[in-house]
Structure formats: structure tokens, C-alpha cells
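S.K.: What follows is final-v2.cif, mmCIF, C-alpha atoms.
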```cif
data_run
#
loop_
_atom_site.group_PDB
_atom_site.id
_atom_site.type_symbol
_atom_site.label_atom_id
_atom_site.label_comp_id
_atom_site.auth_asym_id
_atom_site.auth_seq_id
_atom_site.Cartn_x
_atom_site.Cartn_y
_atom_site.Cartn_z
ATOM 1 C CA MET A 1 9.353 5.881 44.601
ATOM 2 C CA PRO A 2 6.072 6.785 42.834
ATOM 3 C CA ARG A 3 4.928 10.385 43.087
ATOM 4 C CA ASN A 4 1.402 11.725 42.760
ATOM 5 C CA LEU A 5 0.168 14.495 40.502
ATOM 6 C CA ASP A 6 -1.740 17.369 42.072
ATOM 7 C CA LEU A 7 -5.152 17.012 40.404
ATOM 8 C CA THR A 8 -6.174 20.535 41.411
ATOM 9 C CA ALA A 9 -3.143 21.928 39.629
ATOM 10 C CA LEU A 10 -3.728 19.566 36.701
ATOM 11 C CA ARG A 11 -7.339 20.773 36.402
ATOM 12 C CA ALA A 12 -6.109 24.367 36.374
ATOM 13 C CA PHE A 13 -3.653 23.537 33.577
ATOM 14 C CA VAL A 14 -6.264 21.744 31.447
ATOM 15 C CA THR A 15 -8.773 24.551 31.950
ATOM 16 C CA VAL A 16 -6.221 27.197 30.928
ATOM 17 C CA ALA A 17 -5.349 25.172 27.831
ATOM 18 C CA GLU A 18 -9.004 24.688 26.858
ATOM 19 C CA THR A 19 -10.182 28.244 27.556
ATOM 20 C CA GLY A 20 -7.110 29.960 26.161
ATOM 21 C CA GLY A 21 -6.115 32.019 29.169
ATOM 22 C CA VAL A 22 -5.679 32.323 32.913
ATOM 23 C CA THR A 23 -8.477 34.890 33.250
ATOM 24 C CA ARG A 24 -11.115 32.686 31.622
ATOM 25 C CA ALA A 25 -9.870 29.633 33.482
ATOM 26 C CA ALA A 26 -10.119 31.481 36.809
ATOM 27 C CA GLY A 27 -13.710 32.448 36.033
ATOM 28 C CA GLN A 28 -14.632 28.897 35.087
ATOM 29 C CA LEU A 29 -12.954 27.408 38.163
ATOM 30 C CA ASN A 30 -14.320 30.161 40.412
ATOM 31 C CA VAL A 31 -10.893 31.037 41.835
ATOM 32 C CA THR A 32 -8.586 34.029 41.504
ATOM 33 C CA GLN A 33 -6.166 34.484 38.629
ATOM 34 C CA SER A 34 -3.258 34.381 41.066
ATOM 35 C CA ALA A 35 -4.475 31.017 42.389
ATOM 36 C CA VAL A 36 -4.516 29.582 38.868
ATOM 37 C CA SER A 37 -1.016 30.983 38.164
ATOM 38 C CA MET A 38 0.302 29.449 41.390
ATOM 39 C CA GLN A 39 -1.208 26.068 40.515
ATOM 40 C CA LEU A 40 0.402 26.176 37.072
ATOM 41 C CA LYS A 41 3.768 27.065 38.588
ATOM 42 C CA ARG A 42 3.452 24.269 41.152
ATOM 43 C CA LEU A 43 2.638 21.735 38.429
ATOM 44 C CA GLU A 44 5.606 22.807 36.292
ATOM 45 C CA GLU A 45 7.934 22.619 39.280
ATOM 46 C CA SER A 46 6.686 19.179 40.318
ATOM 47 C CA LEU A 47 7.208 17.812 36.796
ATOM 48 C CA ASP A 48 10.349 19.859 36.203
ATOM 49 C CA GLN A 49 9.014 20.662 32.730
ATOM 50 C CA PRO A 50 7.877 23.903 31.057
ATOM 51 C CA LEU A 51 4.205 23.462 30.141
ATOM 52 C CA LEU A 52 3.297 26.933 28.854
ATOM 53 C CA ASP A 53 5.145 29.158 26.416
ATOM 54 C CA ARG A 54 5.023 32.631 27.952
ATOM 55 C CA SER A 55 7.270 34.341 25.393
ATOM 56 C CA GLY A 56 4.431 35.808 23.325
ATOM 57 C CA ARG A 57 0.983 37.236 23.837
ATOM 58 C CA GLY A 58 -1.690 34.841 25.008
ATOM 59 C CA VAL A 59 -1.234 31.256 26.097
ATOM 60 C CA SER A 60 0.384 28.514 24.052
ATOM 61 C CA LEU A 61 1.525 25.055 25.067
ATOM 62 C CA THR A 62 5.036 23.698 24.885
ATOM 63 C CA ALA A 63 5.587 20.233 23.438
ATOM 64 C CA GLN A 64 5.562 18.871 26.992
ATOM 65 C CA GLY A 65 2.352 20.769 27.711
ATOM 66 C CA GLU A 66 0.614 19.321 24.653
ATOM 67 C CA GLN A 67 1.513 15.811 25.792
ATOM 68 C CA LEU A 68 0.330 16.463 29.342
ATOM 69 C CA LEU A 69 -2.956 17.927 28.088
ATOM 70 C CA SER A 70 -3.885 14.661 26.418
ATOM 71 C CA TYR A 71 -3.175 12.632 29.558
ATOM 72 C CA GLY A 72 -4.624 15.303 31.834
ATOM 73 C CA ARG A 73 -8.020 15.277 30.164
ATOM 74 C CA ARG A 74 -8.262 11.507 30.581
ATOM 75 C CA MET A 75 -7.135 11.632 34.211
ATOM 76 C CA LEU A 76 -9.652 14.311 35.122
ATOM 77 C CA ALA A 77 -12.450 12.507 33.298
ATOM 78 C CA LEU A 78 -11.665 9.340 35.240
ATOM 79 C CA ASN A 79 -11.408 11.314 38.487
ATOM 80 C CA ASP A 80 -14.814 12.908 37.919
ATOM 81 C CA GLU A 81 -16.329 9.554 37.032
ATOM 82 C CA ILE A 82 -14.960 7.922 40.198
ATOM 83 C CA TRP A 83 -16.030 10.898 42.304
ATOM 84 C CA GLY A 84 -19.570 10.636 41.046
ATOM 85 C CA LEU A 85 -19.679 6.854 41.286
ATOM 86 C CA MET A 86 -18.548 6.818 44.907
ATOM 87 C CA ARG A 87 -20.870 9.641 45.858
ATOM 88 C CA ASP A 88 -24.302 8.428 44.783
ATOM 89 C CA ASP A 89 -25.883 11.842 45.290
ATOM 90 C CA ALA A 90 -23.586 13.323 42.644
ATOM 91 C CA PHE A 91 -25.129 11.003 40.072
ATOM 92 C CA GLU A 92 -28.716 11.721 40.981
ATOM 93 C CA GLY A 93 -30.705 14.833 40.262
ATOM 94 C CA GLU A 94 -31.067 17.246 37.406
ATOM 95 C CA LEU A 95 -28.898 19.626 35.427
ATOM 96 C CA HIS A 96 -30.299 22.535 33.426
ATOM 97 C CA PHE A 97 -28.792 23.148 29.999
ATOM 98 C CA GLY A 98 -29.833 26.270 28.087
ATOM 99 C CA VAL A 99 -29.405 26.517 24.312
ATOM 100 C CA PRO A 100 -30.648 29.110 21.802
ATOM 101 C CA HIS A 101 -33.261 27.726 19.417
ATOM 102 C CA ASP A 102 -31.094 28.132 16.347
ATOM 103 C CA ILE A 103 -28.079 26.099 17.498
ATOM 104 C CA VAL A 104 -29.817 23.039 18.924
ATOM 105 C CA TYR A 105 -28.656 21.241 15.781
ATOM 106 C CA PRO A 106 -26.390 19.513 15.012
ATOM 107 C CA PHE A 107 -24.552 18.986 18.328
ATOM 108 C CA VAL A 108 -27.034 19.134 21.209
ATOM 109 C CA PRO A 109 -28.894 15.843 20.546
ATOM 110 C CA GLY A 110 -25.600 13.939 20.532
ATOM 111 C CA ILE A 111 -24.405 15.693 23.695
ATOM 112 C CA LEU A 112 -27.611 14.784 25.519
ATOM 113 C CA GLN A 113 -27.443 11.200 24.264
ATOM 114 C CA ARG A 114 -23.844 10.780 25.422
ATOM 115 C CA PHE A 115 -24.539 12.261 28.850
ATOM 116 C CA ALA A 116 -27.602 10.060 29.360
ATOM 117 C CA ALA A 117 -25.673 6.936 28.347
ATOM 118 C CA GLU A 118 -22.765 7.605 30.709
ATOM 119 C CA HIS A 119 -24.782 9.072 33.599
ATOM 120 C CA PRO A 120 -28.186 7.380 33.460
ATOM 121 C CA ARG A 121 -29.230 8.510 36.937
ATOM 122 C CA MET A 122 -28.817 12.176 36.068
ATOM 123 C CA ARG A 123 -31.369 14.047 33.996
ATOM 124 C CA VAL A 124 -30.501 17.010 31.798
ATOM 125 C CA GLN A 125 -33.355 19.454 31.396
ATOM 126 C CA LEU A 126 -32.933 21.194 28.044
ATOM 127 C CA MET A 127 -34.131 24.803 28.078
ATOM 128 C CA SER A 128 -34.368 26.490 24.690
ATOM 129 C CA SER A 129 -34.746 30.258 24.493
ATOM 130 C CA PHE A 130 -33.032 33.414 23.243
ATOM 131 C CA THR A 131 -29.523 34.386 24.303
ATOM 132 C CA LYS A 132 -30.673 37.395 26.332
ATOM 133 C CA ASP A 133 -33.136 35.290 28.321
ATOM 134 C CA LEU A 134 -30.667 32.446 28.853
ATOM 135 C CA LYS A 135 -27.998 34.811 30.182
ATOM 136 C CA ALA A 136 -30.463 36.372 32.613
ATOM 137 C CA ARG A 137 -31.569 32.982 33.912
ATOM 138 C CA PHE A 138 -27.949 31.816 34.179
ATOM 139 C CA ALA A 139 -27.123 34.925 36.219
ATOM 140 C CA ASP A 140 -30.058 34.131 38.518
ATOM 141 C CA GLY A 141 -28.763 30.599 39.085
ATOM 142 C CA GLN A 142 -31.612 28.887 37.229
ATOM 143 C CA ILE A 143 -29.394 27.202 34.604
ATOM 144 C CA ASP A 144 -26.113 25.322 35.063
ATOM 145 C CA VAL A 145 -24.684 25.501 31.531
ATOM 146 C CA ILE A 146 -25.741 27.767 28.676
ATOM 147 C CA LEU A 147 -24.729 28.349 25.091
ATOM 148 C CA THR A 148 -25.111 31.826 23.632
ATOM 149 C CA THR A 149 -24.921 33.373 20.179
ATOM 150 C CA GLU A 150 -23.482 36.892 20.234
ATOM 151 C CA ALA A 151 -20.922 39.177 18.637
ATOM 152 C CA GLY A 152 -18.411 39.036 21.521
ATOM 153 C CA VAL A 153 -18.046 37.140 24.776
ATOM 154 C CA ASP A 154 -18.614 38.345 28.341
ATOM 155 C CA PRO A 155 -16.176 37.618 31.207
ATOM 156 C CA GLY A 156 -16.464 34.008 32.320
ATOM 157 C CA GLY A 157 -17.559 32.850 28.885
ATOM 158 C CA GLU A 158 -15.712 30.526 26.553
ATOM 159 C CA THR A 159 -15.957 30.899 22.780
ATOM 160 C CA LEU A 160 -16.482 27.488 21.194
ATOM 161 C CA SER A 161 -16.668 28.651 17.591
ATOM 162 C CA SER A 162 -17.016 31.726 15.445
ATOM 163 C CA GLN A 163 -18.997 31.252 12.255
ATOM 164 C CA PRO A 164 -20.621 33.589 9.744
ATOM 165 C CA LEU A 165 -24.351 33.935 9.501
ATOM 166 C CA GLY A 166 -25.747 32.366 6.375
ATOM 167 C CA TRP A 167 -29.008 32.580 4.475
ATOM 168 C CA VAL A 168 -31.294 29.629 5.135
ATOM 169 C CA GLY A 169 -34.194 28.343 3.063
ATOM 170 C CA ALA A 170 -36.136 25.302 1.993
ATOM 171 C CA PRO A 171 -34.112 22.527 0.342
ATOM 172 C CA GLY A 172 -34.080 23.353 -3.359
ATOM 173 C CA GLY A 173 -36.284 26.373 -2.672
ATOM 174 C CA ALA A 174 -36.673 29.570 -4.677
ATOM 175 C CA ALA A 175 -38.029 32.023 -2.093
ATOM 176 C CA TRP A 176 -34.640 33.758 -1.940
ATOM 177 C CA ARG A 177 -35.129 34.941 -5.541
ATOM 178 C CA GLN A 178 -38.321 36.904 -4.751
ATOM 179 C CA ARG A 179 -38.365 40.690 -4.385
ATOM 180 C CA PRO A 180 -39.245 42.001 -1.992
ATOM 181 C CA LEU A 181 -37.415 39.256 -0.131
ATOM 182 C CA ARG A 182 -39.787 37.605 2.328
ATOM 183 C CA LEU A 183 -38.226 37.083 5.772
ATOM 184 C CA ALA A 184 -39.258 34.869 8.695
ATOM 185 C CA PHE A 185 -37.833 35.645 12.152
ATOM 186 C CA GLU A 186 -38.795 35.444 15.793
ATOM 187 C CA ASN A 187 -39.510 38.847 17.299
ATOM 188 C CA SER A 188 -36.624 38.569 19.775
ATOM 189 C CA CYS A 189 -34.024 37.131 17.385
ATOM 190 C CA ILE A 190 -30.782 39.133 17.597
ATOM 191 C CA PHE A 191 -30.013 38.307 13.953
ATOM 192 C CA ARG A 192 -33.149 40.045 12.700
ATOM 193 C CA PRO A 193 -31.884 43.685 12.757
ATOM 194 C CA VAL A 194 -28.498 42.546 11.405
ATOM 195 C CA VAL A 195 -30.169 40.919 8.405
ATOM 196 C CA GLN A 196 -32.473 43.877 7.789
ATOM 197 C CA LYS A 197 -29.545 46.321 7.795
ATOM 198 C CA ALA A 198 -27.523 44.118 5.429
ATOM 199 C CA LEU A 199 -30.427 44.068 2.965
ATOM 200 C CA ASP A 200 -30.966 47.818 3.279
ATOM 201 C CA ASP A 201 -27.252 48.477 2.667
ATOM 202 C CA ALA A 202 -27.394 46.215 -0.406
ATOM 203 C CA GLY A 203 -30.487 47.992 -1.737
ATOM 204 C CA ILE A 204 -32.621 44.855 -1.589
ATOM 205 C CA SER A 205 -36.250 45.363 -0.640
ATOM 206 C CA TRP A 206 -37.682 43.020 1.981
ATOM 207 C CA ASP A 207 -40.914 42.152 3.689
ATOM 208 C CA MET A 208 -41.332 40.593 7.141
ATOM 209 C CA ALA A 209 -43.553 37.670 6.245
ATOM 210 C CA VAL A 210 -43.494 36.075 9.713
ATOM 211 C CA ASN A 211 -43.412 37.806 13.103
ATOM 212 C CA SER A 212 -43.560 35.110 15.731
ATOM 213 C CA GLU A 213 -42.244 33.967 19.107
ATOM 214 C CA SER A 214 -42.289 30.389 17.869
ATOM 215 C CA THR A 215 -39.234 28.843 16.238
ATOM 216 C CA ARG A 216 -41.443 26.081 14.843
ATOM 217 C CA THR A 217 -43.588 28.662 13.052
ATOM 218 C CA VAL A 218 -40.484 30.169 11.474
ATOM 219 C CA ASP A 219 -39.077 26.761 10.482
ATOM 220 C CA ALA A 220 -42.392 25.612 9.032
ATOM 221 C CA THR A 221 -42.758 28.775 6.942
ATOM 222 C CA VAL A 222 -39.201 28.621 5.635
ATOM 223 C CA SER A 223 -39.317 24.872 4.935
ATOM 224 C CA ALA A 224 -42.492 25.502 2.908
ATOM 225 C CA ASP A 225 -40.412 27.872 0.734
ATOM 226 C CA LEU A 226 -42.576 30.864 1.697
ATOM 227 C CA ALA A 227 -39.739 32.914 3.199
ATOM 228 C CA VAL A 228 -36.044 32.829 4.103
ATOM 229 C CA HIS A 229 -34.209 33.028 7.393
ATOM 230 C CA ALA A 230 -30.602 33.528 8.556
ATOM 231 C CA GLY A 231 -28.650 31.418 11.007
ATOM 232 C CA ILE A 232 -25.138 30.396 11.947
ATOM 233 C CA VAL A 233 -23.564 28.315 9.203
ATOM 234 C CA GLY A 234 -23.531 24.635 10.136
ATOM 235 C CA HIS A 235 -26.455 24.860 12.552
ATOM 236 C CA ALA A 236 -29.435 24.702 10.203
ATOM 237 C CA SER A 237 -32.438 22.572 11.116
ATOM 238 C CA PRO A 238 -32.576 19.198 9.315
ATOM 239 C CA TYR A 239 -35.586 20.560 7.386
ATOM 240 C CA LEU A 240 -33.660 23.557 6.030
ATOM 241 C CA GLU A 241 -30.440 24.206 4.154
ATOM 242 C CA ASN A 242 -27.998 27.035 3.586
ATOM 243 C CA ILE A 243 -28.851 28.873 0.381
ATOM 244 C CA ASP A 244 -26.319 28.836 -2.439
ATOM 245 C CA HIS A 245 -27.319 32.232 -3.798
ATOM 246 C CA GLY A 246 -24.138 32.974 -5.762
ATOM 247 C CA GLY A 247 -23.805 36.492 -4.366
ATOM 248 C CA ALA A 248 -27.406 37.528 -4.993
ATOM 249 C CA LEU A 249 -27.848 38.124 -1.255
ATOM 250 C CA PRO A 250 -25.465 40.160 0.918
ATOM 251 C CA ALA A 251 -22.785 38.557 3.080
ATOM 252 C CA LEU A 252 -23.580 38.521 6.769
ATOM 253 C CA PRO A 253 -21.235 38.978 9.766
ATOM 254 C CA SER A 254 -19.770 36.276 11.993
ATOM 255 C CA VAL A 255 -21.255 35.308 15.341
ATOM 256 C CA ASN A 256 -19.678 33.557 18.328
ATOM 257 C CA VAL A 257 -21.094 30.475 19.962
ATOM 258 C CA ASN A 258 -20.103 30.888 23.621
ATOM 259 C CA MET A 259 -20.480 28.633 26.637
ATOM 260 C CA PHE A 260 -20.959 29.600 30.284
ATOM 261 C CA ALA A 261 -20.767 26.892 32.950
ATOM 262 C CA ARG A 262 -21.556 27.431 36.622
ATOM 263 C CA PRO A 263 -18.708 26.328 38.925
ATOM 264 C CA ARG A 264 -20.210 23.860 41.411
ATOM 265 C CA ALA A 265 -17.805 21.962 43.627
ATOM 266 C CA ASP A 266 -20.733 19.916 44.959
ATOM 267 C CA ASN A 267 -21.660 18.664 41.483
ATOM 268 C CA PRO A 268 -18.715 17.857 39.196
ATOM 269 C CA LEU A 269 -21.114 16.649 36.504
ATOM 270 C CA ILE A 270 -21.701 20.271 35.503
ATOM 271 C CA GLU A 271 -18.124 20.346 34.264
ATOM 272 C CA VAL A 272 -18.615 16.915 32.683
ATOM 273 C CA LEU A 273 -21.527 18.301 30.645
ATOM 274 C CA ALA A 274 -19.447 21.352 29.738
ATOM 275 C CA ARG A 275 -16.628 19.072 28.605
ATOM 276 C CA TYR A 276 -18.966 17.105 26.347
ATOM 277 C CA VAL A 277 -20.113 20.358 24.758
ATOM 278 C CA ARG A 278 -16.513 21.489 24.316
ATOM 279 C CA GLN A 279 -15.519 18.187 22.703
ATOM 280 C CA ALA A 280 -18.472 18.285 20.287
ATOM 281 C CA TYR A 281 -17.430 21.677 18.962
ATOM 282 C CA ARG A 282 -13.729 20.841 18.983
ATOM 283 C CA GLY A 283 -14.402 17.670 17.002
ATOM 284 C CA SER A 284 -16.403 19.611 14.436
ATOM 285 C CA ALA A 285 -13.591 22.149 14.058
ATOM 286 C CA ALA A 286 -11.050 19.373 13.519
ATOM 287 C CA ILE A 287 -13.190 17.797 10.788
ATOM 288 C CA ALA A 288 -13.677 21.193 9.088
ATOM 289 C CA ALA A 289 -9.908 21.780 9.092
ATOM 290 C CA GLN A 290 -9.181 18.526 7.258
#
```
What would the structure in this file look like if it were written as C-alpha cells?
M.R.:
Amino acid sequence: MPRNLDLTALRAFVTVAETGGVTRAAGQLNVTQSAVSMQLKRLEESLDQPLLDRSGRGVSLTAQGEQLLSYGRRMLALNDEIWGLMRDDAFEGELHFGVPHDIVYPFVPGILQRFAAEHPRMRVQLMSSFTKDLKARFADGQIDVILTTEAGVDPGGETLSSQPLGWVGAPGGAAWRQRPLRLAFENSCIFRPVVQKALDDAGISWDMAVNSESTRTVDATVSADLAVHAGIVGHASPYLENIDHGGALPALPSVNVNMFARPRADNPLIEVLARYVRQAYRGSAAIAAQ
């Protein structure tokens, strides 16, 4: 006789696998850690299979868990699609997606395009600002999903990638050779003091050529080869490129790209958007590992 999977328990399992732990999964699902643990136990008992390897620190999947994860993602995606299709209101309205200026590229345009194609009656309002501002607005309930760039990750956040900062300049430019080194940064950019300290420690003189609140002003100045900037490797604007300076400029520290998604039982498309973001970064990591 056919038996049915508990989709609530399956969602808990997939979330634990994708976030890397029960604590983060509980925050994302807006339930207690004990509730997530009970759902995992119930799922393992119903399948009579061990899904998580609990012998070491952290969370790792067994072979059975890896197989279930693949099927589970597809089942939940189909469930969310049906849920939205049958409830017209779930497919109408607006989601707010906050992204720091410097990581809009290369993933966000594709994420927005995919969401619009699959959910044409929903509109995603892209809000671009600094991490500090985005986190404040997320805490106030103004934004549904945000990406942040920061050294660590706060409770409830999910680290999508950790990449070093890199020096950015005009394609084929020579501004990075000048001394003092001319810099272009927004006033509120969290990378600005990090870059200044790295140059000071390396004994390289610098000059702040651009002080602005406009990312376009910074990009225009750097693309004109009048100054250099620093950003997360792999996220440079199409008009800029990472500088191959051969060690002439100091190495810069790594920065996390984190995601925070608001749990909303009344609108499962928030999690759909979060999943698209997750898949974009996971796909990039898989390509980089090849």
C-alpha cells in the first residue's frame, strides 16, 4: 500500500542540508531547534533509513540522505508551485529583494529573470544599498530577502560563499601603478577602511580620489582608469575587471556573501526566491571546483 512522505519533515531535512545545521534551519523555518530535530527523527523513522551522519562535528549526509536531498528539492519545488498555482493570491503581489551594490553582478539579473519567467504575476522589487542599511530594513520587515557582504554571519543568516576581496580597475588600465594610489569608494562602503589599512600596512601611499554615495560615480571613475576600487572576486561590474597586479598591491581579506530570508507561511514564494539565489551561488561554486 502506498505511503506518503511528511512534507513538513522533508522541508526540515532539505533546509538542514542546505544551511549546514539545525540551528540555521530552525531560524530559516521560524521554528525551534527541537522541532527541527523531531521532524528529522520522524522522517528517518518513516523511511527506516539514516539520513544524517551524527558521528562528527557539524552535519553531514549519509549516502541515503544525499539521494533523498535530490528528490526532496524537486518535491518541495513542485509542492510550492502547486500551492501558489491553486492559491491565486500567492502568485500576485510583490516581493522585496535587497542586494548590496557591489554584488548585483553576476547572479542577480539571472535570478530576477528566472523568477519573472516562472512567476509572471509576482513582481520582485530590487533594492540596492549597503549591508548595514539592508539589515536594518530587513529587521524592520521592509525586505523579504537580503544578501549581505560581511566578515561573519549573524544568527538566521546563511553563508552562500566566502571569497577574497580583489583589486578592481578599468580593463587593461594602469591606474593601479600610480603612487599615491588613487582610490574610489562610496562613503559607507565597509571595504574602504579595510583597503586603507592594507595599503598603510604595506607602506603604499594612497589618495581618496572619489568620495561619493553613488556606485555609478565610483564605477564611472574606475572604468575611466582614473582610480581603483576593491570588491569581492567574481562580482565585478561588466565595465571593470580584477587587476592582475603581480603582487604590487597587498592581498585583501575574505568576505562572506550571506543570505537572510523572512519566514512567511502565507507566501511560499519568499522561499522560492531564496532557493533561486541559493542555486545560483551553488552552481557557481560547482563550476569553480571543476
S.K.: Name the residues that the PyMOL selection byres ((chain A and resi 215-217) around 9) picks from the file above, as a list in words, using the file's chain letters and numbers.
M.R.: His101, Asp102, Ala184, Phe185, Glu186, Val210, Ser212, Glu213, Ser214, Val218, Asp219, Ala220, Thr221 and Val222 of chain A
S.K.: Residues of region 52-147 of chain A that approach region 188-198 of chain A to 9 Å or less, counting all atoms listed in the file: could you list each one with the shortest pair of atoms and its distance in Å to one decimal, rows by chain and increasing residue number, as CSV?
M.R.:
```
residue,atom,partner,partner_atom,distance
A:Phe130,CA,A:Cys189,CA,7.0
A:Thr131,CA,A:Ile190,CA,8.3
A:Lys132,CA,A:Ile190,CA,8.9
```
S.K.: For Pro164 (chain A), find every residue with an atom within 7 Å (counting all atoms listed in the file), except residues of its own chain fewer than 3 positions away, and show them as an NGL selection string.
M.R.: :A and (232-233 or 252-255)
S.K.: Grab the CA of Leu181 (chain A) to CA of Leu240 (chain A) distance for me, in Å with one decimal place.
M.R.: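 Separating CA of Leu181 (chain A) from CA of Leu240 (chain A) is a distance of 17.3 Å.
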S.K.: When you count only C-alpha atoms, which of these residues is closest to Ile143 (chain A): A:Leu52, A:Leu160, A:Ala261, A:Leu183?
M.R.: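 Selected residue with least distance to Ile143 (chain A): A:Ala261.
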S.K.: I would like the residues chosen by the PyMOL selection byres ((chain A and resi 22) around 10) on the shown file; could you give them as a PyMOL selection string?
M.R.: chain A and resi 12-13+15-17+19-21+23-28+32-37+40+58-59
